[in-house]
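Source file structure.cif; content: mmCIF, N, CA and C atoms.
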data_upload
loop_
_atom_site.label_atom_id
_atom_site.label_comp_id
_atom_site.auth_asym_id
_atom_site.auth_seq_id
_atom_site.Cartn_x
_atom_site.Cartn_y
_atom_site.Cartn_z
N MET G 1 112.83 112.53 106.22
CA MET G 1 112.57 112.50 104.80
C MET G 1 113.90 112.46 104.06
N LYS G 2 113.88 111.82 102.92
CA LYS G 2 115.09 111.71 102.11
C LYS G 2 114.87 112.30 100.73
N THR G 3 115.96 112.80 100.17
CA THR G 3 115.97 113.24 98.78
C THR G 3 117.04 112.41 98.08
N PHE G 4 116.70 111.86 96.92
CA PHE G 4 117.61 111.03 96.15
C PHE G 4 118.09 111.83 94.95
N VAL G 5 119.41 111.82 94.72
CA VAL G 5 120.01 112.61 93.64
C VAL G 5 120.79 111.69 92.72
N THR G 6 120.55 111.84 91.42
CA THR G 6 121.30 111.07 90.42
C THR G 6 122.17 112.05 89.61
N PHE G 7 123.14 111.48 88.92
CA PHE G 7 124.13 112.29 88.22
C PHE G 7 124.25 111.89 86.77
N GLY G 8 124.66 112.85 85.93
CA GLY G 8 124.90 112.59 84.53
C GLY G 8 126.30 112.02 84.31
N GLN G 9 126.59 111.68 83.07
CA GLN G 9 127.86 111.05 82.70
C GLN G 9 129.08 111.85 83.12
N SER G 10 129.00 113.16 83.05
CA SER G 10 130.18 113.98 83.35
C SER G 10 130.10 114.65 84.72
N HIS G 11 129.14 114.26 85.53
CA HIS G 11 128.98 114.86 86.85
C HIS G 11 129.68 113.99 87.90
N THR G 12 130.82 114.45 88.37
CA THR G 12 131.57 113.74 89.41
C THR G 12 131.91 114.73 90.52
N HIS G 13 131.63 114.32 91.75
CA HIS G 13 131.88 115.16 92.91
C HIS G 13 132.61 114.34 93.96
N LYS G 14 133.59 114.94 94.62
CA LYS G 14 134.25 114.30 95.76
C LYS G 14 133.89 115.12 97.00
N ILE G 15 133.18 114.49 97.91
CA ILE G 15 132.71 115.16 99.11
C ILE G 15 133.01 114.25 100.30
N ASN G 16 133.78 114.77 101.25
CA ASN G 16 134.15 114.00 102.44
C ASN G 16 134.72 112.63 102.07
N ASN G 17 135.62 112.62 101.09
CA ASN G 17 136.29 111.40 100.62
C ASN G 17 135.36 110.37 100.01
N LYS G 18 134.18 110.80 99.58
CA LYS G 18 133.27 109.92 98.83
C LYS G 18 133.14 110.48 97.42
N ILE G 19 133.10 109.59 96.46
CA ILE G 19 132.90 109.99 95.07
C ILE G 19 131.44 109.77 94.70
N PHE G 20 130.80 110.83 94.24
CA PHE G 20 129.42 110.77 93.75
C PHE G 20 129.48 110.94 92.25
N ASP G 21 128.91 109.97 91.53
CA ASP G 21 128.97 109.99 90.06
C ASP G 21 127.77 109.26 89.48
N LYS G 22 127.83 109.00 88.18
CA LYS G 22 126.73 108.38 87.44
C LYS G 22 126.37 106.99 87.92
N ASP G 23 127.23 106.36 88.71
CA ASP G 23 126.99 104.98 89.14
C ASP G 23 126.41 104.85 90.54
N CYS G 24 126.04 105.97 91.16
CA CYS G 24 125.48 105.90 92.50
C CYS G 24 124.29 106.84 92.62
N VAL G 25 123.59 106.71 93.73
CA VAL G 25 122.49 107.61 94.07
C VAL G 25 122.84 108.26 95.41
N ALA G 26 122.92 109.58 95.43
CA ALA G 26 123.19 110.31 96.67
C ALA G 26 121.90 110.39 97.47
N VAL G 27 122.02 110.22 98.78
CA VAL G 27 120.87 110.30 99.66
C VAL G 27 121.10 111.46 100.63
N ILE G 28 120.18 112.41 100.60
CA ILE G 28 120.26 113.60 101.45
C ILE G 28 119.09 113.56 102.44
N GLU G 29 119.39 113.68 103.72
CA GLU G 29 118.35 113.79 104.75
C GLU G 29 117.84 115.22 104.77
N SER G 30 116.50 115.37 104.85
CA SER G 30 115.91 116.70 104.88
C SER G 30 114.58 116.65 105.62
N ASN G 31 114.05 117.82 105.90
CA ASN G 31 112.75 117.91 106.58
C ASN G 31 111.58 118.02 105.62
N SER G 32 111.87 118.34 104.36
CA SER G 32 110.81 118.50 103.36
C SER G 32 111.43 118.34 101.97
N PRO G 33 110.59 118.06 100.96
CA PRO G 33 111.11 117.99 99.60
C PRO G 33 111.79 119.29 99.16
N LYS G 34 111.22 120.42 99.54
CA LYS G 34 111.80 121.72 99.17
C LYS G 34 113.20 121.88 99.78
N GLU G 35 113.35 121.50 101.05
CA GLU G 35 114.65 121.59 101.71
C GLU G 35 115.64 120.63 101.07
N GLY G 36 115.19 119.41 100.71
CA GLY G 36 116.07 118.44 100.06
C GLY G 36 116.60 118.96 98.74
N ARG G 37 115.73 119.59 97.96
CA ARG G 37 116.15 120.15 96.67
C ARG G 37 117.16 121.28 96.89
N LYS G 38 116.88 122.13 97.87
CA LYS G 38 117.80 123.23 98.18
C LYS G 38 119.17 122.68 98.59
N LYS G 39 119.18 121.66 99.44
CA LYS G 39 120.45 121.06 99.87
C LYS G 39 121.20 120.45 98.68
N ALA G 40 120.47 119.82 97.76
CA ALA G 40 121.12 119.22 96.58
C ALA G 40 121.89 120.30 95.81
N PHE G 41 121.28 121.45 95.60
CA PHE G 41 121.96 122.54 94.88
C PHE G 41 123.12 123.11 95.70
N GLU G 42 122.95 123.19 97.02
CA GLU G 42 124.04 123.69 97.87
C GLU G 42 125.25 122.76 97.82
N ILE G 43 124.99 121.46 97.81
CA ILE G 43 126.07 120.47 97.85
C ILE G 43 126.70 120.25 96.48
N PHE G 44 125.88 120.07 95.46
CA PHE G 44 126.37 119.67 94.14
C PHE G 44 126.35 120.80 93.10
N GLY G 45 125.84 121.96 93.47
CA GLY G 45 125.70 123.02 92.48
C GLY G 45 124.71 122.57 91.41
N PRO G 46 124.87 123.05 90.19
CA PRO G 46 123.94 122.65 89.13
C PRO G 46 124.36 121.35 88.42
N LYS G 47 125.38 120.68 88.93
CA LYS G 47 125.92 119.51 88.23
C LYS G 47 125.42 118.20 88.82
N PHE G 48 124.13 117.95 88.59
CA PHE G 48 123.54 116.65 88.86
C PHE G 48 122.43 116.47 87.85
N CYS G 49 121.90 115.28 87.77
CA CYS G 49 120.90 115.01 86.74
C CYS G 49 119.49 115.29 87.27
N PHE G 50 119.08 114.49 88.27
CA PHE G 50 117.73 114.64 88.83
C PHE G 50 117.78 114.54 90.34
N GLU G 51 116.78 115.14 90.97
CA GLU G 51 116.57 114.93 92.41
C GLU G 51 115.12 114.50 92.58
N TYR G 52 114.95 113.54 93.48
CA TYR G 52 113.64 112.96 93.71
C TYR G 52 113.30 113.02 95.19
N PRO G 53 112.14 113.57 95.56
CA PRO G 53 111.70 113.44 96.94
C PRO G 53 111.44 111.95 97.21
N GLU G 54 111.52 111.57 98.45
CA GLU G 54 111.39 110.17 98.83
C GLU G 54 110.13 109.52 98.28
N ASP G 55 109.01 110.23 98.28
CA ASP G 55 107.76 109.63 97.82
C ASP G 55 107.67 109.48 96.30
N HIS G 56 108.65 110.02 95.56
CA HIS G 56 108.69 109.86 94.10
C HIS G 56 109.80 108.92 93.64
N TRP G 57 110.58 108.40 94.58
CA TRP G 57 111.69 107.51 94.23
C TRP G 57 111.19 106.07 94.27
N ASP G 58 111.60 105.27 93.29
CA ASP G 58 111.27 103.85 93.23
C ASP G 58 112.56 103.06 93.38
N ASP G 59 112.65 102.20 94.38
CA ASP G 59 113.87 101.41 94.59
C ASP G 59 114.23 100.55 93.38
N ALA G 60 113.28 100.29 92.50
CA ALA G 60 113.58 99.51 91.29
C ALA G 60 114.59 100.25 90.41
N ASN G 61 114.67 101.57 90.53
CA ASN G 61 115.64 102.35 89.75
C ASN G 61 117.08 102.03 90.11
N LEU G 62 117.28 101.47 91.28
CA LEU G 62 118.64 101.21 91.75
C LEU G 62 119.41 100.27 90.82
N LYS G 63 118.71 99.47 90.03
CA LYS G 63 119.39 98.55 89.11
C LYS G 63 120.28 99.30 88.10
N TYR G 64 120.03 100.59 87.90
CA TYR G 64 120.83 101.39 86.97
C TYR G 64 122.06 102.02 87.64
N PHE G 65 122.22 101.82 88.93
CA PHE G 65 123.28 102.45 89.70
C PHE G 65 124.07 101.38 90.46
N PRO G 66 125.10 100.82 89.82
CA PRO G 66 125.82 99.67 90.40
C PRO G 66 126.49 99.95 91.75
N ARG G 67 126.79 101.18 92.07
CA ARG G 67 127.43 101.49 93.35
C ARG G 67 126.40 101.71 94.46
N GLY G 68 125.13 101.73 94.11
CA GLY G 68 124.06 101.84 95.10
C GLY G 68 123.91 103.21 95.71
N TYR G 69 123.35 103.20 96.93
CA TYR G 69 123.09 104.45 97.65
C TYR G 69 124.35 104.90 98.40
N LEU G 70 124.58 106.22 98.39
CA LEU G 70 125.64 106.82 99.20
C LEU G 70 125.05 107.98 99.98
N GLU G 71 125.15 107.90 101.28
CA GLU G 71 124.67 108.97 102.15
C GLU G 71 125.57 110.19 102.00
N VAL G 72 124.96 111.36 101.92
CA VAL G 72 125.72 112.61 101.91
C VAL G 72 125.85 113.05 103.37
N GLU G 73 127.07 113.21 103.82
CA GLU G 73 127.30 113.58 105.23
C GLU G 73 127.85 114.98 105.33
#

Will you turn the file into structure tokens for me?
Amino acid sequence: MKTFVTFGQSHTHKINNKIFDKDCVAVIESNSPKEGRKKAFEIFGPKFCFEYPEDHWDDANLKYFPRGYLEVE
């Protein structure tokens, strides 16, 4: 299962030499939506915009994120 995380204008994170910001969607692997949400807070703290469980994410949203998907490792 995947959790997709988007970021606000001032939310920028550097994790393992990857930049996560308003122009990308972070992808977190998890066993459940609850675990994915928990991991999002563990990784990014309270500085992200939204998190979506895989079954609530629409790939059509990607048009708003020019850098595309970035796996969180």

Backbone-only DSSP, alpha helix (DSSP H) members of chain G, as a list of chain:residue names: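 These are the residues in question: G:Pro33, G:Lys34, G:Glu35, G:Gly36, G:Arg37, G:Lys38, G:Lys39, G:Ala40, G:Phe41, G:Glu42, G:Ile43, G:Phe44.
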
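Once region 52-62 of chain G and its same-chain neighbours fewer than 4 positions away are set aside, Met1, Lys2, Thr3, Phe4, Val5, Thr6, Pro33, Pro66 and Gly68 of chain G remain within 6.5 Å of it when counting only N, CA and C atoms.
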
The PyMOL selection byres ((chain G and resi 67) around 6) applied to the shown file, residues as a PyMOL selection string: chain G and resi 23-25+65-66+68-69

Gap from atom N of Glu71 (chain G) to CA of Ala26 (chain G) - Å, one decimal: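 Distance between the two atoms: 5.6 Å.
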
Between atom C of Lys22 (chain G) and CA of Tyr64 (chain G) - distance in Å to one decimal: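 So the two atoms, CA of Tyr64 (chain G) and atom C of Lys22 (chain G), lie 7.9 Å apart.
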
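For the residues G:Glu73, G:Glu42, G:Glu51, G:Glu35, ranking by smallest atom-to-atom distance to Asn16 (chain G) using only C-alpha atoms places G:Glu73 first.
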
CA of Ile28 (chain G) to CA of Pro46 (chain G), straight-line distance in Å: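 CA of Ile28 (chain G) lies at a distance of 15.7 Å from CA of Pro46 (chain G).
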
Explicit residue set for the PyMOL selection byres ((chain G and resi 10) around 8), as a ChimeraX atom specification: /G:7-9,11-13,21-22,47-48

With all heavy atoms as the goal, would you fill in the gaps in region 18-29 of chain G and present it as a compact mmCIF listing (two decimals), in the coordinates of the input?
# COMPACT_ATOMS: atom_id res chain seq x y z
N LYS G 18 134.18 110.80 99.58
CA LYS G 18 133.27 109.92 98.83
C LYS G 18 133.14 110.48 97.42
O LYS G 18 133.05 111.69 97.23
CB LYS G 18 131.87 109.89 99.46
CG LYS G 18 131.77 109.13 100.74
CD LYS G 18 130.31 109.08 101.17
CE LYS G 18 130.16 108.40 102.51
NZ LYS G 18 128.75 108.39 102.94
N ILE G 19 133.10 109.59 96.46
CA ILE G 19 132.90 109.99 95.07
C ILE G 19 131.44 109.77 94.70
O ILE G 19 130.91 108.66 94.83
CB ILE G 19 133.80 109.17 94.11
CG1 ILE G 19 135.28 109.33 94.49
CG2 ILE G 19 133.54 109.55 92.66
CD1 ILE G 19 135.82 110.72 94.31
N PHE G 20 130.80 110.83 94.24
CA PHE G 20 129.42 110.77 93.75
C PHE G 20 129.48 110.94 92.25
O PHE G 20 130.06 111.91 91.75
CB PHE G 20 128.59 111.89 94.39
CG PHE G 20 128.43 111.74 95.87
CD1 PHE G 20 129.35 112.28 96.74
CD2 PHE G 20 127.36 111.03 96.39
CE1 PHE G 20 129.22 112.14 98.12
CE2 PHE G 20 127.21 110.89 97.76
CZ PHE G 20 128.13 111.43 98.62
N ASP G 21 128.91 109.97 91.53
CA ASP G 21 128.97 109.99 90.06
C ASP G 21 127.77 109.26 89.48
O ASP G 21 126.84 108.90 90.19
CB ASP G 21 130.29 109.41 89.56
CG ASP G 21 130.50 107.95 89.93
OD1 ASP G 21 129.53 107.26 90.33
OD2 ASP G 21 131.63 107.47 89.82
N LYS G 22 127.83 109.00 88.18
CA LYS G 22 126.73 108.38 87.44
C LYS G 22 126.37 106.99 87.92
O LYS G 22 125.29 106.48 87.61
CB LYS G 22 127.08 108.31 85.96
CG LYS G 22 128.27 107.39 85.68
CD LYS G 22 128.60 107.32 84.22
CE LYS G 22 129.82 106.48 83.94
NZ LYS G 22 129.88 105.19 84.57
N ASP G 23 127.23 106.36 88.71
CA ASP G 23 126.99 104.98 89.14
C ASP G 23 126.41 104.85 90.54
O ASP G 23 126.32 103.74 91.07
CB ASP G 23 128.30 104.18 89.06
CG ASP G 23 128.78 103.99 87.63
OD1 ASP G 23 127.92 103.88 86.72
OD2 ASP G 23 130.00 103.96 87.41
N CYS G 24 126.04 105.97 91.16
CA CYS G 24 125.48 105.90 92.50
C CYS G 24 124.29 106.84 92.62
O CYS G 24 124.04 107.67 91.75
CB CYS G 24 126.55 106.24 93.55
SG CYS G 24 127.02 107.98 93.57
N VAL G 25 123.59 106.71 93.73
CA VAL G 25 122.49 107.61 94.07
C VAL G 25 122.84 108.26 95.41
O VAL G 25 123.05 107.56 96.40
CB VAL G 25 121.15 106.84 94.20
CG1 VAL G 25 120.03 107.79 94.60
CG2 VAL G 25 120.82 106.12 92.90
N ALA G 26 122.92 109.58 95.43
CA ALA G 26 123.19 110.31 96.67
C ALA G 26 121.90 110.39 97.47
O ALA G 26 120.81 110.60 96.91
CB ALA G 26 123.70 111.71 96.36
N VAL G 27 122.02 110.22 98.78
CA VAL G 27 120.87 110.30 99.66
C VAL G 27 121.10 111.46 100.63
O VAL G 27 122.09 111.48 101.37
CB VAL G 27 120.67 108.99 100.44
CG1 VAL G 27 119.45 109.09 101.34
CG2 VAL G 27 120.55 107.80 99.50
N ILE G 28 120.18 112.41 100.60
CA ILE G 28 120.26 113.60 101.45
C ILE G 28 119.09 113.56 102.44
O ILE G 28 117.94 113.42 102.04
CB ILE G 28 120.17 114.89 100.61
CG1 ILE G 28 121.32 114.97 99.61
CG2 ILE G 28 120.14 116.12 101.51
CD1 ILE G 28 121.19 116.10 98.61
N GLU G 29 119.39 113.68 103.72
CA GLU G 29 118.35 113.79 104.75
C GLU G 29 117.84 115.22 104.77
O GLU G 29 118.62 116.17 104.72
CB GLU G 29 118.91 113.41 106.12
CG GLU G 29 119.28 111.95 106.26
CD GLU G 29 118.09 111.02 106.32
OE1 GLU G 29 116.98 111.46 106.71
OE2 GLU G 29 118.25 109.84 105.96
